[in-house]
>>> print(open('final-v1.cif').read())   # mmCIF, C-alpha atoms and all ligand atoms
data_protein
#
loop_
_atom_site.label_atom_id
_atom_site.label_comp_id
_atom_site.auth_asym_id
_atom_site.auth_seq_id
_atom_site.Cartn_x
_atom_site.Cartn_y
_atom_site.Cartn_z
CA MET A 1 -119.79 -89.99 66.96
CA GLU A 2 -118.57 -92.51 69.50
CA ALA A 3 -115.28 -92.35 71.42
CA ILE A 4 -113.11 -94.61 73.56
CA LEU A 5 -111.36 -93.04 76.54
CA LEU A 6 -108.25 -94.86 77.80
CA VAL A 7 -108.21 -94.59 81.58
CA GLY A 8 -106.78 -97.90 82.81
CA GLY A 9 -103.15 -96.95 83.49
CA GLN A 10 -101.64 -97.07 86.97
CA GLY A 11 -100.24 -93.54 86.81
CA THR A 12 -96.98 -94.59 88.48
CA ARG A 13 -95.23 -91.30 87.68
CA LEU A 14 -97.86 -89.47 89.71
CA ARG A 15 -97.48 -91.51 92.89
CA PRO A 16 -98.38 -91.01 95.68
CA LEU A 17 -101.34 -89.02 94.28
CA THR A 18 -102.52 -92.04 92.29
CA ILE A 19 -102.42 -94.51 95.18
CA SER A 20 -105.98 -93.65 96.20
CA THR A 21 -107.27 -91.99 93.01
CA PRO A 22 -106.57 -92.96 89.37
CA LYS A 23 -104.83 -90.20 87.40
CA PRO A 24 -107.87 -89.35 85.21
CA LEU A 25 -109.96 -88.66 88.34
CA LEU A 26 -107.48 -86.38 90.13
CA PRO A 27 -109.10 -83.01 90.87
CA THR A 28 -107.82 -80.55 88.26
CA ALA A 29 -109.00 -76.94 88.37
CA GLY A 30 -111.74 -78.01 90.78
CA VAL A 31 -113.20 -81.02 88.91
CA PRO A 32 -111.99 -84.55 88.04
CA PHE A 33 -109.44 -84.30 85.21
CA LEU A 34 -111.72 -86.22 82.83
CA ALA A 35 -114.50 -83.65 83.17
CA HIS A 36 -112.46 -81.31 80.97
CA GLN A 37 -112.09 -84.04 78.31
CA LEU A 38 -115.75 -85.07 78.42
CA ALA A 39 -116.86 -81.46 77.97
CA ARG A 40 -114.46 -80.92 75.05
CA ALA A 41 -115.47 -84.19 73.40
CA HIS A 42 -119.13 -83.21 73.68
CA ALA A 43 -118.38 -79.81 72.13
CA ALA A 44 -116.73 -81.67 69.21
CA GLY A 45 -119.86 -83.73 68.54
CA VAL A 46 -119.16 -86.91 70.56
CA GLU A 47 -122.40 -88.39 71.92
CA ARG A 48 -121.28 -91.68 73.48
CA ILE A 49 -118.01 -92.61 75.20
CA VAL A 50 -116.76 -96.06 76.20
CA PHE A 51 -114.38 -95.91 79.16
CA ALA A 52 -111.57 -98.49 78.87
CA THR A 53 -110.86 -99.10 82.55
CA SER A 54 -108.53 -101.38 84.48
CA TYR A 55 -106.77 -99.85 87.51
CA ARG A 56 -109.42 -98.95 90.14
CA ALA A 57 -112.10 -99.53 87.49
CA GLU A 58 -115.10 -99.12 89.81
CA MET A 59 -114.22 -95.52 90.69
CA PHE A 60 -115.03 -94.17 87.21
CA GLU A 61 -118.72 -95.09 87.15
CA ALA A 62 -119.03 -93.89 90.74
CA ALA A 63 -117.63 -90.50 89.64
CA PHE A 64 -119.56 -89.96 86.40
CA GLY A 65 -122.54 -92.36 86.26
CA ARG A 66 -124.28 -93.10 82.94
CA ARG A 67 -124.32 -89.55 81.56
CA ALA A 68 -122.13 -86.51 82.19
CA HIS A 69 -121.34 -83.28 80.35
CA GLY A 70 -123.96 -84.16 77.73
CA VAL A 71 -122.38 -87.54 76.82
CA GLU A 72 -123.72 -91.08 77.35
CA LEU A 73 -121.10 -93.13 79.21
CA VAL A 74 -120.43 -96.89 79.07
CA TYR A 75 -117.79 -98.76 81.11
CA VAL A 76 -115.71 -101.72 80.00
CA SER A 77 -113.06 -103.23 82.26
CA GLU A 78 -110.04 -105.45 81.59
CA GLU A 79 -109.29 -108.25 84.02
CA GLU A 80 -105.57 -107.76 83.31
CA PRO A 81 -104.29 -104.50 81.79
CA LEU A 82 -104.10 -105.03 78.00
CA GLY A 83 -101.95 -102.02 77.08
CA THR A 84 -103.22 -99.17 74.94
CA GLY A 85 -104.04 -101.26 71.81
CA GLY A 86 -105.51 -104.21 73.70
CA ALA A 87 -107.65 -101.79 75.73
CA ILE A 88 -109.02 -100.11 72.59
CA ARG A 89 -109.85 -103.52 71.06
CA ASN A 90 -111.52 -104.69 74.27
CA ALA A 91 -113.59 -101.49 74.66
CA ALA A 92 -114.76 -101.73 71.03
CA ARG A 93 -117.11 -104.54 72.17
CA ALA A 94 -119.35 -101.77 73.48
CA LEU A 95 -119.36 -99.60 70.33
CA THR A 96 -122.55 -99.46 68.27
CA CYS A 97 -121.19 -97.87 65.06
CA GLY A 98 -120.55 -99.57 61.69
CA PRO A 99 -117.21 -100.82 60.28
CA ASP A 100 -116.47 -97.66 58.23
CA ASP A 101 -117.45 -95.15 60.91
CA PRO A 102 -114.83 -92.99 62.67
CA VAL A 103 -114.13 -93.64 66.37
CA LEU A 104 -112.31 -91.03 68.44
CA ILE A 105 -109.69 -92.38 70.87
CA LEU A 106 -108.58 -90.18 73.76
CA ASN A 107 -105.78 -90.79 76.26
CA GLY A 108 -107.07 -90.00 79.75
CA ASP A 109 -104.14 -87.80 80.67
CA ILE A 110 -103.90 -85.26 77.86
CA LEU A 111 -105.04 -81.65 78.01
CA SER A 112 -105.38 -80.36 74.48
CA GLY A 113 -106.97 -77.38 72.81
CA HIS A 114 -106.77 -78.83 69.29
CA ASP A 115 -109.68 -78.88 66.87
CA ILE A 116 -111.10 -82.42 67.12
CA ARG A 117 -113.66 -81.75 64.37
CA ALA A 118 -110.87 -80.74 61.95
CA GLN A 119 -109.00 -83.96 62.79
CA VAL A 120 -112.13 -86.03 62.05
CA GLU A 121 -112.73 -84.11 58.81
CA LEU A 122 -109.19 -84.89 57.60
CA HIS A 123 -109.77 -88.55 58.48
CA GLU A 124 -113.02 -88.71 56.49
CA LYS A 125 -111.66 -86.74 53.52
CA THR A 126 -108.60 -89.00 53.13
CA GLY A 127 -110.34 -92.30 53.93
CA ALA A 128 -107.52 -93.10 56.36
CA ALA A 129 -107.36 -96.16 58.59
CA VAL A 130 -106.14 -93.93 61.44
CA THR A 131 -105.60 -90.18 61.77
CA LEU A 132 -103.30 -89.02 64.58
CA HIS A 133 -103.12 -85.63 66.20
CA LEU A 134 -99.47 -84.55 65.96
CA THR A 135 -98.07 -81.64 67.94
CA GLU A 136 -94.66 -79.95 67.82
CA VAL A 137 -92.32 -79.73 70.81
CA ASP A 138 -89.05 -77.89 71.44
CA ASP A 139 -87.20 -81.01 72.56
CA PRO A 140 -88.43 -84.03 70.56
CA SER A 141 -85.60 -86.23 71.89
CA ARG A 142 -87.75 -86.86 74.97
CA PHE A 143 -90.49 -88.46 72.82
CA GLY A 144 -90.85 -90.85 69.89
CA CYS A 145 -91.28 -88.76 66.73
CA VAL A 146 -93.69 -89.06 63.80
CA PRO A 147 -92.51 -87.84 60.35
CA THR A 148 -95.04 -87.22 57.54
CA ASP A 149 -94.78 -86.71 53.76
CA ASP A 150 -95.93 -83.58 51.89
CA GLU A 151 -99.55 -84.81 51.88
CA GLY A 152 -99.54 -85.30 55.65
CA ARG A 153 -99.32 -89.09 55.46
CA VAL A 154 -97.36 -90.62 58.34
CA THR A 155 -94.22 -92.34 57.02
CA ALA A 156 -92.80 -93.83 60.23
CA PHE A 157 -93.30 -94.17 63.96
CA LEU A 158 -89.84 -93.72 65.45
CA GLU A 159 -88.66 -94.58 68.98
CA LYS A 160 -86.93 -91.99 71.19
CA THR A 161 -83.54 -90.99 69.77
CA PRO A 162 -80.99 -88.24 70.58
CA ASN A 163 -81.25 -86.99 66.95
CA PRO A 164 -84.95 -86.99 65.97
CA VAL A 165 -85.76 -86.31 62.30
CA THR A 166 -88.72 -84.06 63.16
CA ASN A 167 -90.08 -82.19 66.17
CA ARG A 168 -93.57 -83.62 65.52
CA ILE A 169 -94.78 -86.09 68.12
CA ASN A 170 -97.81 -88.26 68.75
CA ALA A 171 -100.20 -86.11 70.83
CA GLY A 172 -102.32 -89.04 72.06
CA CYS A 173 -105.65 -88.37 70.28
CA TYR A 174 -106.56 -90.67 67.38
CA VAL A 175 -109.41 -91.21 64.94
CA PHE A 176 -109.66 -94.90 63.97
CA ARG A 177 -111.86 -96.38 61.28
CA ARG A 178 -113.88 -98.92 63.27
CA SER A 179 -112.62 -101.80 61.10
CA ALA A 180 -108.99 -100.85 61.97
CA ILE A 181 -109.84 -101.36 65.65
CA ASP A 182 -111.44 -104.74 64.93
CA ALA A 183 -108.19 -105.82 63.23
CA ILE A 184 -106.24 -105.50 66.54
CA PRO A 185 -105.86 -108.98 68.10
CA ALA A 186 -108.42 -109.60 70.85
CA ASP A 187 -107.60 -110.49 74.49
CA THR A 188 -103.90 -109.77 73.96
CA VAL A 189 -101.56 -107.13 75.37
CA VAL A 190 -100.92 -104.70 72.50
CA SER A 191 -99.34 -101.24 72.36
CA VAL A 192 -100.74 -98.93 69.66
CA GLU A 193 -97.54 -96.89 69.72
CA ARG A 194 -95.12 -99.82 69.41
CA GLU A 195 -97.20 -102.34 67.44
CA THR A 196 -100.44 -101.11 65.84
CA PHE A 197 -99.23 -97.87 64.22
CA PRO A 198 -95.88 -99.21 62.92
CA GLY A 199 -97.74 -102.34 61.68
CA LEU A 200 -100.34 -100.28 59.77
CA ILE A 201 -97.62 -98.15 58.14
CA ALA A 202 -95.60 -101.24 57.17
CA SER A 203 -98.68 -102.83 55.60
CA GLY A 204 -99.30 -99.75 53.42
CA ALA A 205 -102.47 -98.60 55.21
CA VAL A 206 -103.16 -94.86 55.12
CA VAL A 207 -102.21 -93.27 58.45
CA MET A 208 -102.63 -89.49 58.43
CA GLY A 209 -101.14 -86.82 60.70
CA HIS A 210 -103.32 -83.88 61.73
CA VAL A 211 -100.73 -81.30 62.78
CA GLU A 212 -101.92 -78.68 65.23
CA THR A 213 -99.70 -76.85 67.67
CA GLY A 214 -102.09 -75.13 70.08
CA TYR A 215 -102.19 -75.82 73.82
CA TRP A 216 -101.08 -79.39 74.60
CA MET A 217 -99.96 -80.99 77.85
CA ASP A 218 -99.43 -84.59 78.95
CA VAL A 219 -100.21 -84.34 82.67
CA GLY A 220 -98.43 -87.60 83.54
CA THR A 221 -95.83 -86.09 85.92
CA PRO A 222 -96.44 -84.00 89.07
CA GLN A 223 -94.82 -80.95 87.47
CA ALA A 224 -97.01 -81.20 84.35
CA PHE A 225 -100.12 -81.98 86.40
CA VAL A 226 -99.71 -78.79 88.47
CA ARG A 227 -98.95 -76.76 85.32
CA GLY A 228 -102.06 -78.12 83.55
CA SER A 229 -104.35 -77.35 86.48
CA CYS A 230 -102.97 -73.80 86.82
CA ASP A 231 -103.25 -73.18 83.06
CA LEU A 232 -106.95 -74.08 83.22
CA VAL A 233 -107.52 -71.75 86.18
CA LEU A 234 -105.59 -68.94 84.47
CA GLY A 235 -107.63 -69.45 81.28
CA ARG A 236 -104.62 -70.42 79.11
CA LEU A 237 -106.77 -73.35 77.99
CA ALA A 238 -110.52 -72.70 77.96
CA SER A 239 -112.58 -75.57 79.40
CA PRO A 240 -116.39 -75.72 79.49
CA ALA A 241 -116.03 -77.82 82.70
CA MET A 242 -114.15 -75.16 84.70
CA PRO A 243 -116.21 -74.10 87.73
CA GLY A 244 -116.06 -70.30 87.74
CA GLU A 245 -114.29 -67.68 85.66
CA PRO A 246 -110.57 -67.82 84.83
CA GLY A 247 -108.32 -65.85 87.17
CA GLU A 248 -105.31 -65.93 89.48
CA ARG A 249 -106.96 -68.44 91.77
CA LEU A 250 -109.91 -70.79 92.08
CA VAL A 251 -111.29 -71.00 95.62
CA LEU A 252 -113.87 -73.78 95.99
CA ASP A 253 -116.90 -73.74 98.28
CA GLY A 254 -116.10 -73.92 101.98
CA ALA A 255 -112.41 -72.97 101.57
CA VAL A 256 -111.10 -70.15 103.74
CA VAL A 257 -108.33 -67.87 102.44
CA SER A 258 -107.24 -65.26 104.97
CA PRO A 259 -107.27 -61.67 103.67
CA GLY A 260 -103.63 -61.57 104.81
CA ALA A 261 -102.61 -64.49 102.54
CA VAL A 262 -101.39 -64.34 98.94
CA VAL A 263 -102.84 -67.00 96.58
CA ARG A 264 -101.98 -66.63 92.89
CA GLY A 265 -100.60 -68.17 89.69
CA GLY A 266 -103.68 -70.30 88.94
CA THR A 267 -103.73 -72.03 92.35
CA THR A 268 -106.82 -74.07 93.26
CA VAL A 269 -107.87 -74.08 96.93
CA GLY A 270 -110.04 -77.17 97.59
CA ARG A 271 -113.25 -77.50 99.59
CA GLY A 272 -112.73 -76.96 103.31
CA ALA A 273 -109.06 -76.00 102.81
CA VAL A 274 -107.53 -73.16 104.84
CA VAL A 275 -104.75 -70.71 103.90
CA GLU A 276 -103.78 -68.64 106.93
CA ALA A 277 -102.54 -65.04 107.16
CA GLY A 278 -99.03 -64.35 105.92
CA ALA A 279 -98.93 -67.54 103.84
CA THR A 280 -98.07 -67.41 100.12
CA VAL A 281 -99.34 -70.07 97.73
CA SER A 282 -98.50 -69.78 94.03
CA GLY A 283 -98.98 -72.04 91.01
CA SER A 284 -100.20 -74.96 93.14
CA VAL A 285 -103.06 -77.40 93.68
CA LEU A 286 -104.46 -77.69 97.22
CA LEU A 287 -107.01 -80.49 97.44
CA ASP A 288 -109.88 -80.62 99.94
CA GLU A 289 -109.21 -80.02 103.66
CA VAL A 290 -105.58 -78.94 103.16
CA VAL A 291 -104.17 -76.47 105.71
CA VAL A 292 -101.35 -74.02 104.92
CA ALA A 293 -100.44 -72.33 108.20
CA GLU A 294 -99.34 -68.74 108.79
CA GLY A 295 -96.17 -67.59 107.13
CA ALA A 296 -95.72 -70.78 105.07
CA THR A 297 -94.72 -70.65 101.40
CA VAL A 298 -95.98 -73.19 98.83
CA CYS A 299 -95.20 -72.99 95.12
CA ASP A 300 -95.45 -75.33 92.12
CA SER A 301 -96.71 -78.09 94.45
CA VAL A 302 -99.63 -80.52 94.84
CA LEU A 303 -100.98 -81.01 98.37
CA SER A 304 -103.30 -83.99 98.52
CA ARG A 305 -106.45 -84.29 100.59
CA GLY A 306 -106.01 -83.33 104.27
CA ALA A 307 -102.27 -82.50 104.01
CA ARG A 308 -100.98 -79.85 106.44
CA VAL A 309 -98.09 -77.41 106.14
CA GLY A 310 -96.84 -75.91 109.42
CA PRO A 311 -96.05 -72.26 110.15
CA GLY A 312 -93.10 -70.88 108.22
CA ALA A 313 -92.45 -74.09 106.24
CA VAL A 314 -91.35 -73.78 102.60
CA LEU A 315 -92.45 -76.17 99.80
CA GLU A 316 -91.24 -75.76 96.24
CA GLY A 317 -92.05 -78.34 93.55
CA VAL A 318 -93.25 -80.87 96.14
CA VAL A 319 -95.99 -83.53 96.29
CA LEU A 320 -97.68 -84.24 99.65
CA GLY A 321 -99.77 -87.42 99.84
CA ASP A 322 -103.15 -87.66 101.63
CA GLY A 323 -102.89 -86.43 105.22
CA ALA A 324 -99.11 -85.82 105.12
CA VAL A 325 -97.89 -83.25 107.64
CA VAL A 326 -94.90 -80.94 107.21
CA GLY A 327 -93.91 -79.52 110.60
CA PRO A 328 -93.01 -75.85 111.12
CA GLY A 329 -89.67 -74.70 109.75
CA ASN A 330 -89.04 -77.49 107.21
CA GLU A 331 -87.89 -76.62 103.70
CA LEU A 332 -88.77 -79.14 100.95
CA ARG A 333 -87.73 -78.58 97.35
CA GLY A 334 -86.88 -80.08 93.98
CA GLY A 335 -89.52 -82.71 93.29
CA LEU A 336 -89.67 -84.28 96.77
CA ARG A 337 -92.66 -86.52 97.46
CA VAL A 338 -94.02 -87.16 100.94
CA TRP A 339 -96.09 -90.37 101.21
CA PRO A 340 -99.64 -90.38 102.68
CA GLY A 341 -99.83 -89.99 106.44
CA ILE A 342 -96.11 -89.25 106.94
CA GLU A 343 -95.41 -86.53 109.50
CA LEU A 344 -92.19 -84.52 109.34
CA PRO A 345 -91.55 -83.12 112.84
CA PRO A 346 -90.88 -79.42 113.50
CA THR A 347 -87.33 -78.71 112.41
CA ALA A 348 -85.13 -76.28 110.56
CA VAL A 349 -83.72 -79.02 108.30
CA ARG A 350 -83.73 -78.52 104.52
CA PHE A 351 -84.70 -81.46 102.32
CA SER A 352 -83.98 -81.25 98.62
CA THR A 353 -83.37 -83.66 95.79
CA ASP A 354 -80.73 -81.17 94.57
CA ALA A 355 -78.65 -81.59 97.76
P1 LIG B 401 -97.47 -94.05 84.10
O1 LIG B 401 -97.58 -95.35 84.85
O2 LIG B 401 -97.09 -92.91 84.99
O3 LIG B 401 -96.63 -94.12 82.84
O4 LIG B 401 -98.95 -93.64 83.59
P2 LIG B 401 -100.07 -94.53 82.82
O5 LIG B 401 -100.25 -95.80 83.55
O6 LIG B 401 -101.30 -93.67 82.69
O7 LIG B 401 -99.43 -94.84 81.41
P3 LIG B 401 -99.42 -93.94 80.09
O8 LIG B 401 -99.29 -92.50 80.48
O9 LIG B 401 -98.44 -94.47 79.15
O10 LIG B 401 -100.88 -94.23 79.50
C1 LIG B 401 -101.46 -93.46 78.47
C2 LIG B 401 -102.98 -93.60 78.57
O11 LIG B 401 -103.35 -94.97 78.35
C3 LIG B 401 -103.52 -93.23 79.93
O12 LIG B 401 -104.74 -92.56 79.72
C4 LIG B 401 -103.70 -94.57 80.63
O13 LIG B 401 -104.79 -94.52 81.56
C5 LIG B 401 -104.04 -95.50 79.48
N1 LIG B 401 -103.55 -96.87 79.64
C6 LIG B 401 -102.24 -97.27 79.71
N2 LIG B 401 -102.17 -98.61 79.81
C7 LIG B 401 -103.46 -99.07 79.82
C8 LIG B 401 -104.05 -100.39 79.91
O14 LIG B 401 -103.38 -101.42 80.01
N3 LIG B 401 -105.42 -100.45 79.89
C9 LIG B 401 -106.20 -99.34 79.76
N4 LIG B 401 -107.52 -99.49 79.77
N5 LIG B 401 -105.69 -98.09 79.68
C10 LIG B 401 -104.32 -97.96 79.70
#
>>> encode(input="final-v1.cif", output="structure tokens", more="lines below")
Ligand code: GTP
Amino acid sequence: MEAILLVGGQGTRLRPLTISTPKPLLPTAGVPFLAHQLARAHAAGVERIVFATSYRAEMFEAAFGRRAHGVELVYVSEEEPLGTGGAIRNAARALTCGPDDPVLILNGDILSGHDIRAQVELHEKTGAAVTLHLTEVDDPSRFGCVPTDDEGRVTAFLEKTPNPVTNRINAGCYVFRRSAIDAIPADTVVSVERETFPGLIASGAVVMGHVETGYWMDVGTPQAFVRGSCDLVLGRLASPAMPGEPGERLVLDGAVVSPGAVVRGGTTVGRGAVVEAGATVSGSVLLDEVVVAEGATVCDSVLSRGARVGPGAVLEGVVLGDGAVVGPGNELRGGLRVWPGIELPPTAVRFSTDA
């Protein structure tokens, strides 16, 4: 089977991490995020993937080449971002399958443990134009929701509302019949969520919902990105691409963790990073060459390449950009983001978005 992987978004919610690296390439449990998706797609029988690129397009081929995790890779780029539907249509130029064949579409920022083969089987059995993976969430008012009838056929694609009719939402993994992709207008900005799916339903086409409620995470925000990486390290979602065994922490080659430091909660310590004695790091992602000095505390945070945390500083739910420096004694909390290269001088000041 062939697949299209949507990776052209700007990842604005993950800035400043995505200034230098597109979201799908951010190191996640020790490898680029997409490695987990490529390995899962391969395990589900996908043999060839077309990358639909736009933002920082050249970085994807440099990262993965022509074959990775057992899958042949092809790259198609948009001159101007075409939105999710336009990107799928544009990437279809590089597909080799026939008009009735199923094509798997993956969003490049979803971690999911669902059974892709079962989704494809439902698609084939029902002869659907499109079959969507639907998951269930506690608070569907934060998402558009997707009701189905008793046979599992999608009846509507509803925008965000305070009173959703179902807690089932679009989980961002689709099986399209190839001919349904070819029907999307070419060279035009199109959203599958706002235009293609509602249009198919209105025209009477069969759109099926494959409901599965296992592990699912959209890693589009810093909080969700850290959670997803830690869940992989802890083994809450098994990934064939994870380097090493699941556990409390993943320490990559060349990292130094002092015996007097505590590192736990699924934290990744990147290559060449240092965690000094008396420091505590929990539920976080430390990229390569990060330094956490003695007595510092870091939790639920992402520290980008070369960032440094001074002695005794406290970071909780924080993002540090490349090379950012937090001087000794600072306390940063509540979703604060420090831009690349910024240096906060030694101080006892507390910064918090809650203040
Ligand atoms: P935010 O800017 O933080 O919302 O992130 P994003 O740019 O990734 O947007 P969003 O999360 O809505 O995108 C969902 C998926 O579609 C991601 O995998 C994106 O990479 C991809 N995507 C979004 N827009 C485009 C586009 O215009 N072209 C291509 N090729 N992919 C896109």
>>> axis_aligned_box(input="final-v1.cif", around="ligand LIG 401 (chain B)", padding_each_side="5 Å", output="lines of an AutoDock Vina configuration file")
center_x = -102.1
center_y = -97.0
center_z = 81.7
size_x = 20.9
size_y = 18.9
size_z = 16.6
>>> atom_distance(input="final-v1.cif", atom1="CA of Glu276 (chain A)", atom2="CA of Ile19 (chain A)")
28.4 Å
>>> residues_around(input="final-v1.cif", residues="Gly321 (chain A)", least_positions_apart="5", cutoff="9 Å", atoms="only C-alpha atoms", output="list in words")
Arg15, Pro16, Leu17, Ile19, Val302, Leu303, Ser304, Arg305, Gly306, Ala307, Arg337, Val338, Trp339, Pro340, Gly341 and Ile342 of chain A
>>> write_last_selection(input="final-v1.cif", atoms="C-alpha atoms", output="PDB file, in the frame of the given file")
ATOM      1  CA  ARG A  15     -97.480 -91.510  92.890  1.00  0.00           C
ATOM      2  CA  PRO A  16     -98.380 -91.010  95.680  1.00  0.00           C
ATOM      3  CA  LEU A  17    -101.340 -89.020  94.280  1.00  0.00           C
ATOM      4  CA  ILE A  19    -102.420 -94.510  95.180  1.00  0.00           C
ATOM      5  CA  VAL A 302     -99.630 -80.520  94.840  1.00  0.00           C
ATOM      6  CA  LEU A 303    -100.980 -81.010  98.370  1.00  0.00           C
ATOM      7  CA  SER A 304    -103.300 -83.990  98.520  1.00  0.00           C
ATOM      8  CA  ARG A 305    -106.450 -84.290 100.590  1.00  0.00           C
ATOM      9  CA  GLY A 306    -106.010 -83.330 104.270  1.00  0.00           C
ATOM     10  CA  ALA A 307    -102.270 -82.500 104.010  1.00  0.00           C
ATOM     11  CA  ARG A 337     -92.660 -86.520  97.460  1.00  0.00           C
ATOM     12  CA  VAL A 338     -94.020 -87.160 100.940  1.00  0.00           C
ATOM     13  CA  TRP A 339     -96.090 -90.370 101.210  1.00  0.00           C
ATOM     14  CA  PRO A 340     -99.640 -90.380 102.680  1.00  0.00           C
ATOM     15  CA  GLY A 341     -99.830 -89.990 106.440  1.00  0.00           C
ATOM     16  CA  ILE A 342     -96.110 -89.250 106.940  1.00  0.00           C
TER      17      ILE A 342
END
>>> residues_near_ligand(input="final-v1.cif", ligand="ligand LIG 401 (chain B)", cutoff="9 Å", atoms="all atoms listed in the file", output="PyMOL selection string")
chain A and resi 5-15+22-24+51-55+57+76-78+80-88+90-91+106-110+172+189-191+218-221
>>> residues_around(input="final-v1.cif", residues="Pro164 (chain A)", least_positions_apart="6", cutoff="8 Å", atoms="all atoms listed in the file", output="MDAnalysis selection string")
chainID A and resid 140:141 145
>>> residues_near_point(input="final-v1.cif", point="(-116.4, -97.8, 61.4)", cutoff="10 Å", atoms="all atoms listed in the file", output="ChimeraX atom specification")
/A:2,95-103,129,176-182
>>> atom_distance(input="final-v1.cif", atom1="CA of Pro246 (chain A)", atom2="CA of Gly266 (chain A)")
8.4 Å
